[in-house]
Amino acid sequence: MPVERFNTLVSGYVPLPVDNIDTDQIIPARFLKETSREGFGKKLFYDWRYLGNGDPNPDFVLNDPGFSGKILVTGKNFGSGSSREHAAWAIYDYGFRVVVAGSFADIFRGNALNTGLLPVEVGSAFIDTMMKALELSPAPRLKVDLENQRIKLMPDGISEGFEIDAYKKNCLLMGYDDIDYLLSRQKEIEKWEKTNKR
Amino acid sequence: MSARTIIDKLWDAHVVGDIDGVSGILYIDRHFVHEVTSPQAFEGLKKRNRKVLRPEKTIATADHNVPTMNQDQKVRDSLSRLQLDTLGVNCREHGVSLFGLGHENNGIVHVIGPELGITQPGMTIVCGDSHTATHGAFGALAFGIGTSQVEMVLASQCLVQSRPKRMRIRLEGKLQKGVGAKDLILYVISRMSTSGATGYFIEYDGPAIRRLTMEERMTVCNMSIEMGARGGLVAPDQTTFDYLEGRSFSPKGKEWDQALEYWKTLPSDRDAVFDREEVFDISDVEPMVTFGTNPGMAIGINGSIPPLRPSFMKSLDYMGFSPGEQLLGRDIDYVFLGSCTNGRIEDLRQFALLVAGKRKADGVTVWIVPGSKQVEKQAVNEGLDRIFAQAGMEFRQPGCSACLAMNDDKIPPGRYAVSTSNRNFEGRQGPGSRTILAGPLTAAAAAITGKISDPRDFI
């Protein structure tokens with residue numbers, strides 16, 4: 001699927017400072033029976049977000065009206081475990097466009113980029129500063145600038161650079177996906193097949 | 001050409017073209033698809049008005065979302081049925097071979113690929129499942145992908161990939177009696193941590209690896225993802241070739257000789273340099289059990305839960321355990337033998353060896369789920385099904401089952417399950433379920449005692 005173009009986003013952020021959040025927490029397996037991509041946002045973090053009786057868990061951050069925004073801020077090794085792209089779809093469908101984390105699991109990072117969800121890896125000091133800012137000022141925001149690969153805490157201006165694969169950065173800036181790209185090189189692929197028969 | 005690792009050799013042999021010096025176009029030799037992560041990929045193809053480019057290189061099975069009882073009857077859950085039917089329609093429309101429910105070759109994708117000889121050394125292999133590294137046991141570059149990438153492979157037989165970092169894990173020493181491949185890999189993960197290999201492809205090597213059977217090597221490679229690795233592999237050797245010779249999809253005659261010649265060139269060159277090297281002596285490894293909610297949180301069966309960082313306390317609270325406690329002797333409620341990690345015939349044989357002539361403990365439910373129809377058939381031929389029945393245990397039909405509990409095979413909230421699967425995440429085996437990962441022998445010991453027990457006391 002062609003992805004939505006991404007350039008710069010200024011938004012509030014939702015804190016979920018837990019390490020090793022696996023994709024079974026992001027979207028439990030029992031919700032993977034759908035055959036389309038839509039609607040997974042309703043099931044995002046389901047077993048943390050809802051109590052056993054189906055009522056919203058008042059202690060979970062997505063149920064706290066004090067926090068909102070298109071940016072999720074979390075801990076290290078986010079998205080570990082299962083390769084289910086449904087995890088990235090659920091986060092995107094819920095309304096997030098950026099996940100800021102201490103680090104990402106490889107498959108999740110790739111799935112996020114292919115979904116149009118930007119993974120931003122920052123140092124733990126920056127995460128601590130973001131968490132503190134939520135206690136100090138009423139509505140801190142983040143500016144995520146993909147072109148310049150910088151994330152900035154607003155309004156006080158601490159900023160940090162982030163890494164992204166140059167090819168995937170261009171895909172996000174332009175709204176391209178890998179399939180468009182691979183199909184544009186299909187002749188080369190077919191030629192390669194002929195000389196590399198196996 | 002300078003000395004290369006097996007990872008470099010496999011990569012170089014499959015790069016169609018460069019993109020920007022960092023990423024490349026990687027050709028895929030084998031693509032496995034299943035019902036859960038493929039429907040949106042086929043839907044994407046349809047929207048683009050494309051067909052599967054090389055349908056003969058894609059093989060489909062139904063495994064994640066299938067019942068493990070009454071497979072000859074209509075699937076009761078309507079959403080599951082629709083997902084299975086959708087796979088059938090997509091495969092027919094695109095000319096993809098499907099080993100659907102009830103087919104003699106049906107089973108868990110990572111069990112059937114190797115047992116049919118579809119998985120071979122030197123290949124690039126992908127599947128929309130994170131345990132695809134299982135196929136690395138044959139000396140293949142095998143890794144899990146997301147659904148967008150499934151669509152890419154269907155459309156172009158290629159993926160955009162960055163060259164992986166290379167790690168070698170050398171395993172020295174000899175496993176003790178009663179300690180198996182699952183214990184070995186749980187030990188390695190506990191030392192590496194759940195994210196310790198992020199960004200790397202791993203080559204497992206060393207005398208302890210060379211002594212393992214192919215099924216044991218699969219168990220080891222299977223769990224590479226549990227330390228964050230993109231994949232894990234073992235260079236092919238005589239054990240590999242002996243396993244593959246004569247399997248349905250293995251090369252035959254002259255083609256076999258040619259393949260063999262190529263496969264023998266794959267092992268890492270003596271002077272090849274890895275980005276990172278780790279060495280573990282596994283001589284003292286005990287049967288391993290997990291105590292937390294990720295596979296890195298594991299201890300020896302006689303060990304105690306270590307003092308943990310505050311951030312791990314959530315995990316222990318969920319499990320109902322405390323730092324300093326022993327797991328040995330704790331009551332359990334369920335035992336699950338199965339999954340792509342430990343659902344092969346050798347796993348069933350080991351389990352049967354320990355439970356033969358005994359009864360399961362009162363109050364414990366035991367599910368034995370073969371990894372494939374062929375494993376099921378073999379188990380019946382060897383009389384293992386009767387051993388299980390006499391022990392009061394349920395011998396089910398193949399599928400992923402309680403490993404991820406998409407079907408009805410769910411562990412109830414708060415209950416403890418000793419499972420031979422690969423993940424002990426919160427809710428993985430059903431909402432509120434508490435999973436203790438272990439090998440087949442430890443699972444068997446738990447089944448007959450109703451407690452976490454040292455299997456070495458029973459063999």
# chains A, B, ... in the order shown; residues from 1 in each chain; ligands from 1
>>> residues_around(residues="B:Gly24", least_positions_apart="6", cutoff="9 Å", atoms="only C-alpha atoms", output="list in words")
Val15, Val16, Gly17, Asp18, Leu159, Val160, Gln161, Ser162 and Arg163 of chain B
>>> select_by_dssp(residues="stretch 86-130 of chain B", states="alpha helix (DSSP H)", output="list in words")
Thr86, Leu87, Gly88, Val89, Asn90, Cys91, Arg92, Glu93, His94, Val109, His110, Val111, Ile112, Gly113, Pro114 and Glu115 of chain B
>>> closest_atom_pairs(of="stretch 18-83 of chain A", to="stretch 65-78 of chain B", cutoff="10 Å", atoms="only C-alpha atoms", output="Markdown table")
| residue | atom | partner | partner_atom | distance |
| --- | --- | --- | --- | --- |
| A:Ala29 | CA | B:Asn65 | CA | 9.6 |
| A:Arg30 | CA | B:Asn65 | CA | 9.1 |
| A:Leu32 | CA | B:Asn65 | CA | 9.0 |
| A:Lys33 | CA | B:Asn65 | CA | 7.8 |
>>> write_last_selection(atoms="N, CA and C atoms", output="mmCIF file, in the first residue's frame")
data_model
loop_
_atom_site.group_PDB
_atom_site.id
_atom_site.type_symbol
_atom_site.label_atom_id
_atom_site.label_comp_id
_atom_site.auth_asym_id
_atom_site.auth_seq_id
_atom_site.Cartn_x
_atom_site.Cartn_y
_atom_site.Cartn_z
ATOM 1 N N ALA A 29 -2.990 -11.803 19.810
ATOM 2 C CA ALA A 29 -3.177 -12.684 18.650
ATOM 3 C C ALA A 29 -4.640 -12.967 18.333
ATOM 4 N N ARG A 30 -5.500 -12.973 19.357
ATOM 5 C CA ARG A 30 -6.895 -13.338 19.074
ATOM 6 C C ARG A 30 -7.605 -12.306 18.202
ATOM 7 N N LEU A 32 -6.250 -11.165 15.422
ATOM 8 C CA LEU A 32 -5.599 -11.197 14.101
ATOM 9 C C LEU A 32 -6.405 -11.986 13.075
ATOM 10 N N LYS A 33 -7.682 -12.197 13.352
ATOM 11 C CA LYS A 33 -8.474 -13.020 12.438
ATOM 12 C C LYS A 33 -9.048 -12.227 11.267
#
>>> residues_around(residues="stretch 52-67 of chain A", least_positions_apart="6", cutoff="8 Å", atoms="only C-alpha atoms", output="PyMOL selection string")
chain A and resi 12-16
>>> write_last_selection(atoms="N, CA and C atoms", output="PDB file, in the first residue's frame")
ATOM      1  N   GLY A  12       1.396  16.874  20.611  1.00  0.00           N
ATOM      2  CA  GLY A  12       1.547  16.390  21.975  1.00  0.00           C
ATOM      3  C   GLY A  12       1.958  14.930  21.930  1.00  0.00           C
ATOM      4  N   TYR A  13       2.317  14.361  23.074  1.00  0.00           N
ATOM      5  CA  TYR A  13       2.758  12.965  23.076  1.00  0.00           C
ATOM      6  C   TYR A  13       2.191  12.199  24.259  1.00  0.00           C
ATOM      7  N   VAL A  14       2.081  10.896  24.047  1.00  0.00           N
ATOM      8  CA  VAL A  14       1.485  10.004  25.043  1.00  0.00           C
ATOM      9  C   VAL A  14       2.604   9.134  25.627  1.00  0.00           C
ATOM     10  N   PRO A  15       2.814   9.189  26.954  1.00  0.00           N
ATOM     11  CA  PRO A  15       3.926   8.454  27.544  1.00  0.00           C
ATOM     12  C   PRO A  15       3.572   7.018  27.933  1.00  0.00           C
ATOM     13  N   LEU A  16       4.397   6.072  27.505  1.00  0.00           N
ATOM     14  CA  LEU A  16       4.236   4.676  27.912  1.00  0.00           C
ATOM     15  C   LEU A  16       5.649   4.132  28.186  1.00  0.00           C
TER      16      LEU A  16
END
>>> interface_residues(of="chain A", to="chain B", cutoff="9 Å", atoms="only C-alpha atoms", output="mmCIF file with N, CA and C atoms, in the first residue's frame")
data_model
loop_
_atom_site.group_PDB
_atom_site.id
_atom_site.type_symbol
_atom_site.label_atom_id
_atom_site.label_comp_id
_atom_site.auth_asym_id
_atom_site.auth_seq_id
_atom_site.Cartn_x
_atom_site.Cartn_y
_atom_site.Cartn_z
ATOM 1 N N MET A 1 0.849 -1.192 0.000
ATOM 2 C CA MET A 1 0.000 0.000 0.000
ATOM 3 C C MET A 1 0.886 1.244 0.000
ATOM 4 N N VAL A 18 7.728 1.931 29.210
ATOM 5 C CA VAL A 18 7.956 0.532 29.580
ATOM 6 C C VAL A 18 8.914 -0.067 28.546
ATOM 7 N N ASP A 19 9.916 -0.835 29.006
ATOM 8 C CA ASP A 19 10.837 -1.503 28.078
ATOM 9 C C ASP A 19 10.234 -2.813 27.567
ATOM 10 N N ASN A 20 10.723 -3.268 26.432
ATOM 11 C CA ASN A 20 10.383 -4.600 25.891
ATOM 12 C C ASN A 20 8.891 -4.810 25.650
ATOM 13 N N ASP A 22 6.154 -6.043 23.694
ATOM 14 C CA ASP A 22 6.123 -6.952 22.553
ATOM 15 C C ASP A 22 4.828 -6.773 21.768
ATOM 16 N N ASP A 24 2.578 -8.822 21.059
ATOM 17 C CA ASP A 24 1.395 -9.457 21.650
ATOM 18 C C ASP A 24 0.672 -8.477 22.586
ATOM 19 N N GLN A 25 1.410 -7.526 23.175
ATOM 20 C CA GLN A 25 0.757 -6.503 23.999
ATOM 21 C C GLN A 25 0.124 -5.446 23.095
ATOM 22 N N PRO A 28 -3.090 -8.283 20.721
ATOM 23 C CA PRO A 28 -3.108 -9.719 21.047
ATOM 24 C C PRO A 28 -3.531 -10.589 19.855
ATOM 25 N N ALA A 29 -2.990 -11.803 19.810
ATOM 26 C CA ALA A 29 -3.177 -12.684 18.650
ATOM 27 C C ALA A 29 -4.640 -12.967 18.333
ATOM 28 N N ARG A 30 -5.500 -12.973 19.357
ATOM 29 C CA ARG A 30 -6.895 -13.338 19.074
ATOM 30 C C ARG A 30 -7.605 -12.306 18.202
ATOM 31 N N PHE A 31 -6.976 -11.132 18.023
ATOM 32 C CA PHE A 31 -7.584 -10.110 17.159
ATOM 33 C C PHE A 31 -7.001 -10.126 15.742
ATOM 34 N N LEU A 32 -6.250 -11.165 15.422
ATOM 35 C CA LEU A 32 -5.599 -11.197 14.101
ATOM 36 C C LEU A 32 -6.405 -11.986 13.075
ATOM 37 N N LYS A 33 -7.682 -12.197 13.352
ATOM 38 C CA LYS A 33 -8.474 -13.020 12.438
ATOM 39 C C LYS A 33 -9.048 -12.227 11.267
ATOM 40 N N GLU A 34 -8.860 -10.901 11.283
ATOM 41 C CA GLU A 34 -9.420 -10.066 10.221
ATOM 42 C C GLU A 34 -8.654 -10.264 8.917
ATOM 43 N N THR A 35 -9.342 -10.041 7.812
ATOM 44 C CA THR A 35 -8.675 -10.186 6.518
ATOM 45 C C THR A 35 -8.445 -8.836 5.830
ATOM 46 N N SER A 36 -8.772 -7.729 6.509
ATOM 47 C CA SER A 36 -8.438 -6.415 5.950
ATOM 48 C C SER A 36 -7.546 -5.677 6.946
ATOM 49 N N ARG A 37 -7.019 -4.533 6.532
ATOM 50 C CA ARG A 37 -6.066 -3.797 7.365
ATOM 51 C C ARG A 37 -6.742 -2.851 8.351
ATOM 52 N N ASP A 47 -5.318 -5.669 26.136
ATOM 53 C CA ASP A 47 -5.330 -6.285 27.476
ATOM 54 C C ASP A 47 -4.759 -5.372 28.559
ATOM 55 N N GLY A 52 -10.812 -7.012 32.602
ATOM 56 C CA GLY A 52 -11.377 -8.300 32.203
ATOM 57 C C GLY A 52 -12.844 -8.220 31.804
ATOM 58 N N LYS A 76 12.761 0.857 25.729
ATOM 59 C CA LYS A 76 13.684 0.155 24.843
ATOM 60 C C LYS A 76 13.064 -1.106 24.256
ATOM 61 N N ASN A 77 13.578 -1.512 23.110
ATOM 62 C CA ASN A 77 13.185 -2.769 22.457
ATOM 63 C C ASN A 77 11.681 -2.827 22.197
ATOM 64 N N SER A 80 9.081 -5.952 20.075
ATOM 65 C CA SER A 80 9.751 -7.249 19.972
ATOM 66 C C SER A 80 8.722 -8.359 19.784
ATOM 67 N N GLY A 81 9.206 -9.536 19.412
ATOM 68 C CA GLY A 81 8.324 -10.692 19.284
ATOM 69 C C GLY A 81 7.804 -10.890 17.874
ATOM 70 N N SER A 82 6.552 -11.243 17.796
ATOM 71 C CA SER A 82 5.889 -11.628 16.550
ATOM 72 C C SER A 82 6.050 -10.585 15.444
ATOM 73 N N SER A 83 6.095 -11.069 14.195
ATOM 74 C CA SER A 83 6.279 -10.191 13.033
ATOM 75 C C SER A 83 4.989 -9.503 12.601
ATOM 76 N N ARG A 84 3.905 -9.725 13.309
ATOM 77 C CA ARG A 84 2.596 -9.213 12.884
ATOM 78 C C ARG A 84 2.627 -7.711 12.583
ATOM 79 N N GLU A 85 2.390 -7.372 11.324
ATOM 80 C CA GLU A 85 2.346 -5.956 10.937
ATOM 81 C C GLU A 85 1.102 -5.291 11.519
ATOM 82 N N HIS A 86 0.160 -6.130 11.932
ATOM 83 C CA HIS A 86 -1.054 -5.632 12.585
ATOM 84 C C HIS A 86 -0.712 -4.709 13.752
ATOM 85 N N PHE A 104 14.195 -0.093 18.927
ATOM 86 C CA PHE A 104 13.108 -0.851 18.300
ATOM 87 C C PHE A 104 13.589 -2.249 17.924
ATOM 88 N N ALA A 105 12.677 -3.202 17.950
ATOM 89 C CA ALA A 105 12.960 -4.511 17.370
ATOM 90 C C ALA A 105 12.967 -4.358 15.851
ATOM 91 N N ASP A 106 13.824 -5.137 15.170
ATOM 92 C CA ASP A 106 14.037 -4.955 13.727
ATOM 93 C C ASP A 106 12.779 -5.095 12.874
ATOM 94 N N ILE A 107 12.033 -6.176 13.098
ATOM 95 C CA ILE A 107 10.885 -6.418 12.209
ATOM 96 C C ILE A 107 9.847 -5.318 12.412
ATOM 97 N N PHE A 108 9.639 -4.926 13.685
ATOM 98 C CA PHE A 108 8.659 -3.862 13.920
ATOM 99 C C PHE A 108 9.072 -2.572 13.227
ATOM 100 N N GLY A 110 10.756 -2.135 10.527
ATOM 101 C CA GLY A 110 10.454 -2.247 9.105
ATOM 102 C C GLY A 110 8.961 -2.156 8.832
ATOM 103 N N ASN A 111 8.176 -2.846 9.641
ATOM 104 C CA ASN A 111 6.721 -2.814 9.464
ATOM 105 C C ASN A 111 6.172 -1.404 9.644
ATOM 106 N N ASN A 114 6.894 0.669 6.621
ATOM 107 C CA ASN A 114 6.043 0.269 5.502
ATOM 108 C C ASN A 114 4.588 0.671 5.700
ATOM 109 N N THR A 115 4.240 1.029 6.942
ATOM 110 C CA THR A 115 2.871 1.452 7.251
ATOM 111 C C THR A 115 2.744 2.971 7.192
ATOM 112 N N ASP A 165 17.280 5.010 7.632
ATOM 113 C CA ASP A 165 17.793 4.524 6.361
ATOM 114 C C ASP A 165 17.426 5.537 5.253
ATOM 115 N N ALA A 166 18.433 5.936 4.461
ATOM 116 C CA ALA A 166 18.222 7.000 3.465
ATOM 117 C C ALA A 166 17.115 6.636 2.466
ATOM 118 N N TYR A 167 17.091 5.377 2.072
ATOM 119 C CA TYR A 167 16.074 4.927 1.110
ATOM 120 C C TYR A 167 14.673 5.044 1.715
ATOM 121 N N ASP A 178 7.932 0.238 -1.195
ATOM 122 C CA ASP A 178 8.942 -0.645 -1.787
ATOM 123 C C ASP A 178 8.438 -1.341 -3.043
ATOM 124 N N ILE A 179 7.141 -1.607 -3.091
ATOM 125 C CA ILE A 179 6.634 -2.356 -4.247
ATOM 126 C C ILE A 179 6.744 -1.502 -5.504
ATOM 127 N N LEU A 182 10.362 -1.762 -6.387
ATOM 128 C CA LEU A 182 10.780 -3.067 -6.920
ATOM 129 C C LEU A 182 10.203 -3.303 -8.312
ATOM 130 N N LEU A 183 8.976 -2.872 -8.522
ATOM 131 C CA LEU A 183 8.367 -3.066 -9.838
ATOM 132 C C LEU A 183 9.074 -2.215 -10.887
ATOM 133 N N GLN A 186 11.842 -4.290 -12.247
ATOM 134 C CA GLN A 186 11.462 -5.672 -12.536
ATOM 135 C C GLN A 186 12.290 -6.294 -13.671
ATOM 136 N N GLU A 188 15.354 -5.798 -14.426
ATOM 137 C CA GLU A 188 16.644 -6.183 -13.854
ATOM 138 C C GLU A 188 16.502 -7.481 -13.053
ATOM 139 N N ILE A 189 15.396 -7.587 -12.322
ATOM 140 C CA ILE A 189 15.152 -8.793 -11.513
ATOM 141 C C ILE A 189 15.014 -10.011 -12.429
ATOM 142 N N TRP A 192 18.317 -10.999 -13.842
ATOM 143 C CA TRP A 192 19.119 -11.668 -12.793
ATOM 144 C C TRP A 192 18.681 -13.126 -12.646
ATOM 145 N N GLU A 193 17.368 -13.335 -12.687
ATOM 146 C CA GLU A 193 16.840 -14.706 -12.560
ATOM 147 C C GLU A 193 17.406 -15.616 -13.642
ATOM 148 N N ASN A 196 20.973 -16.527 -12.878
ATOM 149 C CA ASN A 196 21.181 -17.157 -11.570
ATOM 150 C C ASN A 196 20.166 -18.260 -11.327
ATOM 151 N N ARG A 198 18.417 -21.494 -10.292
ATOM 152 C CA ARG A 198 18.683 -22.491 -9.240
ATOM 153 C C ARG A 198 17.421 -23.302 -9.010
#
>>> residues_around(residues="A:Ala101", least_positions_apart="5", cutoff="10 Å", atoms="only C-alpha atoms", output="JSON, numbers by chain")
{"A": [16, 17, 18, 19, 72, 73, 74, 75, 76, 77, 78, 79, 119, 120, 121, 122, 123, 124, 126, 127]}
>>> select_by_dssp(residues="chain A", states="strand (DSSP E)", output="NGL selection string")
:A and (8-11 or 13-16 or 71-74 or 98-101 or 118-121 or 141-145 or 150-154 or 159-161)
>>> closest_residue(among="B:Ala445, B:Ile411, B:Ile28, B:Met218", to="B:Ser433", atoms="only C-alpha atoms")
B:Ile411
>>> closest_residue(among="A:Thr23, A:Ser137, A:Leu118, A:Ser68", to="A:Ala87", atoms="only C-alpha atoms")
A:Thr23
>>> residues_around(residues="B:Val179", least_positions_apart="3", cutoff="7 Å", atoms="only C-alpha atoms", output="VMD selection string")
chain B and resid 175 to 176 183 286 to 287
>>> write_last_selection(atoms="N, CA and C atoms", output="mmCIF file, in the first residue's frame")
data_model
loop_
_atom_site.group_PDB
_atom_site.id
_atom_site.type_symbol
_atom_site.label_atom_id
_atom_site.label_comp_id
_atom_site.auth_asym_id
_atom_site.auth_seq_id
_atom_site.Cartn_x
_atom_site.Cartn_y
_atom_site.Cartn_z
ATOM 1 N N LEU B 175 26.526 -31.095 26.179
ATOM 2 C CA LEU B 175 25.334 -31.034 27.031
ATOM 3 C C LEU B 175 25.272 -32.260 27.944
ATOM 4 N N GLN B 176 24.832 -32.024 29.177
ATOM 5 C CA GLN B 176 24.631 -33.136 30.105
ATOM 6 C C GLN B 176 23.423 -33.970 29.679
ATOM 7 N N ASP B 183 16.945 -26.190 26.163
ATOM 8 C CA ASP B 183 17.644 -25.670 27.337
ATOM 9 C C ASP B 183 18.846 -24.837 26.899
ATOM 10 N N GLU B 286 21.848 -26.491 32.970
ATOM 11 C CA GLU B 286 20.816 -27.377 33.538
ATOM 12 C C GLU B 286 19.571 -27.289 32.665
ATOM 13 N N PRO B 287 18.587 -28.144 32.896
ATOM 14 C CA PRO B 287 17.288 -27.902 32.265
ATOM 15 C C PRO B 287 16.840 -26.488 32.642
#
>>> residues_around(residues="B:Met167", least_positions_apart="4", cutoff="9 Å", atoms="only C-alpha atoms", output="list in words")
Ala197, Tyr200, Phe201, Ile202, Glu203, Tyr204, Phe274, Asp275, Arg276, Glu277 and Glu278 of chain B
>>> write_last_selection(atoms="C-alpha atoms", output="CSV table (one decimal), in the first residue's frame")
chain,number,residue,atom,x,y,z
B,197,ALA,CA,21.2,-9.6,19.1
B,200,TYR,CA,22.4,-9.1,13.7
B,201,PHE,CA,22.3,-12.4,11.8
B,202,ILE,CA,23.8,-15.1,13.9
B,203,GLU,CA,25.9,-18.1,12.9
B,204,TYR,CA,25.8,-20.8,15.6
B,274,PHE,CA,32.3,-11.3,12.2
B,275,ASP,CA,31.1,-8.0,13.6
B,276,ARG,CA,30.7,-9.6,17.0
B,277,GLU,CA,31.7,-13.0,18.5
B,278,GLU,CA,30.3,-14.6,21.6
>>> residues_around(residues="B:Glu115", least_positions_apart="3", cutoff="12 Å", atoms="only C-alpha atoms", output="mmCIF file with N, CA and C atoms, in the first residue's frame")
data_model
loop_
_atom_site.group_PDB
_atom_site.id
_atom_site.type_symbol
_atom_site.label_atom_id
_atom_site.label_comp_id
_atom_site.auth_asym_id
_atom_site.auth_seq_id
_atom_site.Cartn_x
_atom_site.Cartn_y
_atom_site.Cartn_z
ATOM 1 N N ASN B 105 0.303 -33.016 3.791
ATOM 2 C CA ASN B 105 1.510 -32.212 4.051
ATOM 3 C C ASN B 105 1.237 -31.013 4.940
ATOM 4 N N ASN B 106 0.012 -30.904 5.464
ATOM 5 C CA ASN B 106 -0.332 -29.741 6.286
ATOM 6 C C ASN B 106 0.447 -29.751 7.602
ATOM 7 N N GLY B 107 0.640 -28.570 8.142
ATOM 8 C CA GLY B 107 1.290 -28.452 9.444
ATOM 9 C C GLY B 107 1.854 -27.067 9.641
ATOM 10 N N ILE B 108 2.552 -26.895 10.755
ATOM 11 C CA ILE B 108 3.167 -25.602 11.044
ATOM 12 C C ILE B 108 4.219 -25.315 9.981
ATOM 13 N N VAL B 109 4.175 -24.117 9.468
ATOM 14 C CA VAL B 109 5.006 -23.739 8.325
ATOM 15 C C VAL B 109 6.485 -24.082 8.536
ATOM 16 N N HIS B 110 6.986 -23.892 9.754
ATOM 17 C CA HIS B 110 8.416 -24.147 9.991
ATOM 18 C C HIS B 110 8.713 -25.620 10.283
ATOM 19 N N VAL B 111 7.667 -26.414 10.354
ATOM 20 C CA VAL B 111 7.871 -27.856 10.499
ATOM 21 C C VAL B 111 7.808 -28.514 9.119
ATOM 22 N N ILE B 112 6.849 -28.087 8.299
ATOM 23 C CA ILE B 112 6.667 -28.773 7.009
ATOM 24 C C ILE B 112 7.763 -28.441 5.995
ATOM 25 N N ILE B 118 11.677 -28.878 1.294
ATOM 26 C CA ILE B 118 11.515 -27.604 0.573
ATOM 27 C C ILE B 118 12.604 -26.637 1.021
ATOM 28 N N THR B 119 12.931 -26.707 2.294
ATOM 29 C CA THR B 119 13.995 -25.894 2.889
ATOM 30 C C THR B 119 15.343 -26.534 2.586
ATOM 31 N N GLN B 120 16.229 -25.775 1.959
ATOM 32 C CA GLN B 120 17.540 -26.334 1.595
ATOM 33 C C GLN B 120 18.657 -25.329 1.877
ATOM 34 N N HIS B 135 14.431 -22.228 9.654
ATOM 35 C CA HIS B 135 14.983 -22.797 8.421
ATOM 36 C C HIS B 135 16.490 -22.544 8.297
ATOM 37 N N PHE B 138 19.463 -25.171 8.297
ATOM 38 C CA PHE B 138 19.975 -25.846 7.100
ATOM 39 C C PHE B 138 21.066 -25.047 6.381
ATOM 40 N N MET B 214 19.417 -32.425 13.229
ATOM 41 C CA MET B 214 18.782 -31.330 12.492
ATOM 42 C C MET B 214 17.601 -30.756 13.259
ATOM 43 N N GLU B 215 16.812 -31.633 13.878
ATOM 44 C CA GLU B 215 15.644 -31.131 14.614
ATOM 45 C C GLU B 215 16.083 -30.267 15.795
ATOM 46 N N MET B 218 17.145 -26.945 14.561
ATOM 47 C CA MET B 218 15.961 -26.114 14.259
ATOM 48 C C MET B 218 15.444 -25.442 15.521
ATOM 49 N N THR B 240 23.284 -32.371 7.957
ATOM 50 C CA THR B 240 22.297 -31.680 7.114
ATOM 51 C C THR B 240 21.995 -32.500 5.857
ATOM 52 N N TYR B 243 20.024 -35.655 6.455
ATOM 53 C CA TYR B 243 18.614 -35.373 6.742
ATOM 54 C C TYR B 243 17.840 -35.127 5.438
ATOM 55 N N LEU B 244 18.474 -34.406 4.523
ATOM 56 C CA LEU B 244 17.742 -33.953 3.330
ATOM 57 C C LEU B 244 17.615 -35.023 2.242
ATOM 58 N N GLU B 245 18.571 -35.939 2.185
ATOM 59 C CA GLU B 245 18.601 -36.890 1.077
ATOM 60 C C GLU B 245 17.322 -37.730 1.060
ATOM 61 N N GLY B 246 16.668 -37.712 -0.083
ATOM 62 C CA GLY B 246 15.488 -38.544 -0.277
ATOM 63 C C GLY B 246 14.171 -37.911 0.129
ATOM 64 N N ARG B 247 14.182 -36.688 0.657
ATOM 65 C CA ARG B 247 12.897 -36.045 1.017
ATOM 66 C C ARG B 247 12.175 -35.590 -0.248
ATOM 67 N N SER B 248 10.830 -35.477 -0.133
ATOM 68 C CA SER B 248 9.981 -35.242 -1.312
ATOM 69 C C SER B 248 10.520 -34.166 -2.257
ATOM 70 N N PHE B 249 10.884 -32.984 -1.701
ATOM 71 C CA PHE B 249 11.274 -31.864 -2.558
ATOM 72 C C PHE B 249 12.791 -31.704 -2.664
ATOM 73 N N SER B 250 13.546 -32.620 -2.072
ATOM 74 C CA SER B 250 15.012 -32.527 -2.182
ATOM 75 C C SER B 250 15.424 -32.828 -3.614
ATOM 76 N N ARG B 344 8.221 -31.416 16.868
ATOM 77 C CA ARG B 344 8.690 -32.415 15.904
ATOM 78 C C ARG B 344 8.750 -33.800 16.546
ATOM 79 N N ILE B 345 9.015 -34.796 15.716
ATOM 80 C CA ILE B 345 8.908 -36.183 16.199
ATOM 81 C C ILE B 345 9.893 -36.463 17.334
ATOM 82 N N GLY B 371 3.507 -31.081 15.232
ATOM 83 C CA GLY B 371 3.776 -29.934 14.371
ATOM 84 C C GLY B 371 3.237 -30.075 12.962
ATOM 85 N N SER B 372 2.927 -31.299 12.559
ATOM 86 C CA SER B 372 2.438 -31.492 11.194
ATOM 87 C C SER B 372 1.686 -32.820 11.095
ATOM 88 N N LYS B 373 1.019 -33.025 9.965
ATOM 89 C CA LYS B 373 0.332 -34.300 9.700
ATOM 90 C C LYS B 373 1.348 -35.437 9.670
ATOM 91 N N GLN B 374 2.515 -35.159 9.109
ATOM 92 C CA GLN B 374 3.532 -36.206 9.025
ATOM 93 C C GLN B 374 4.053 -36.584 10.405
ATOM 94 N N VAL B 375 4.225 -35.577 11.265
ATOM 95 C CA VAL B 375 4.656 -35.873 12.636
ATOM 96 C C VAL B 375 3.569 -36.681 13.344
ATOM 97 N N GLN B 378 3.657 -40.266 12.033
ATOM 98 C CA GLN B 378 4.834 -40.954 12.546
ATOM 99 C C GLN B 378 4.640 -41.342 14.018
#
>>> atom_distance(atom1="atom CA of B:Thr442", atom2="atom CA of B:Val364")
14.6 Å
>>> closest_residue(among="B:Phe388, B:Tyr416, B:Phe99, B:Phe395", to="B:Lys360", atoms="only C-alpha atoms")
B:Phe388
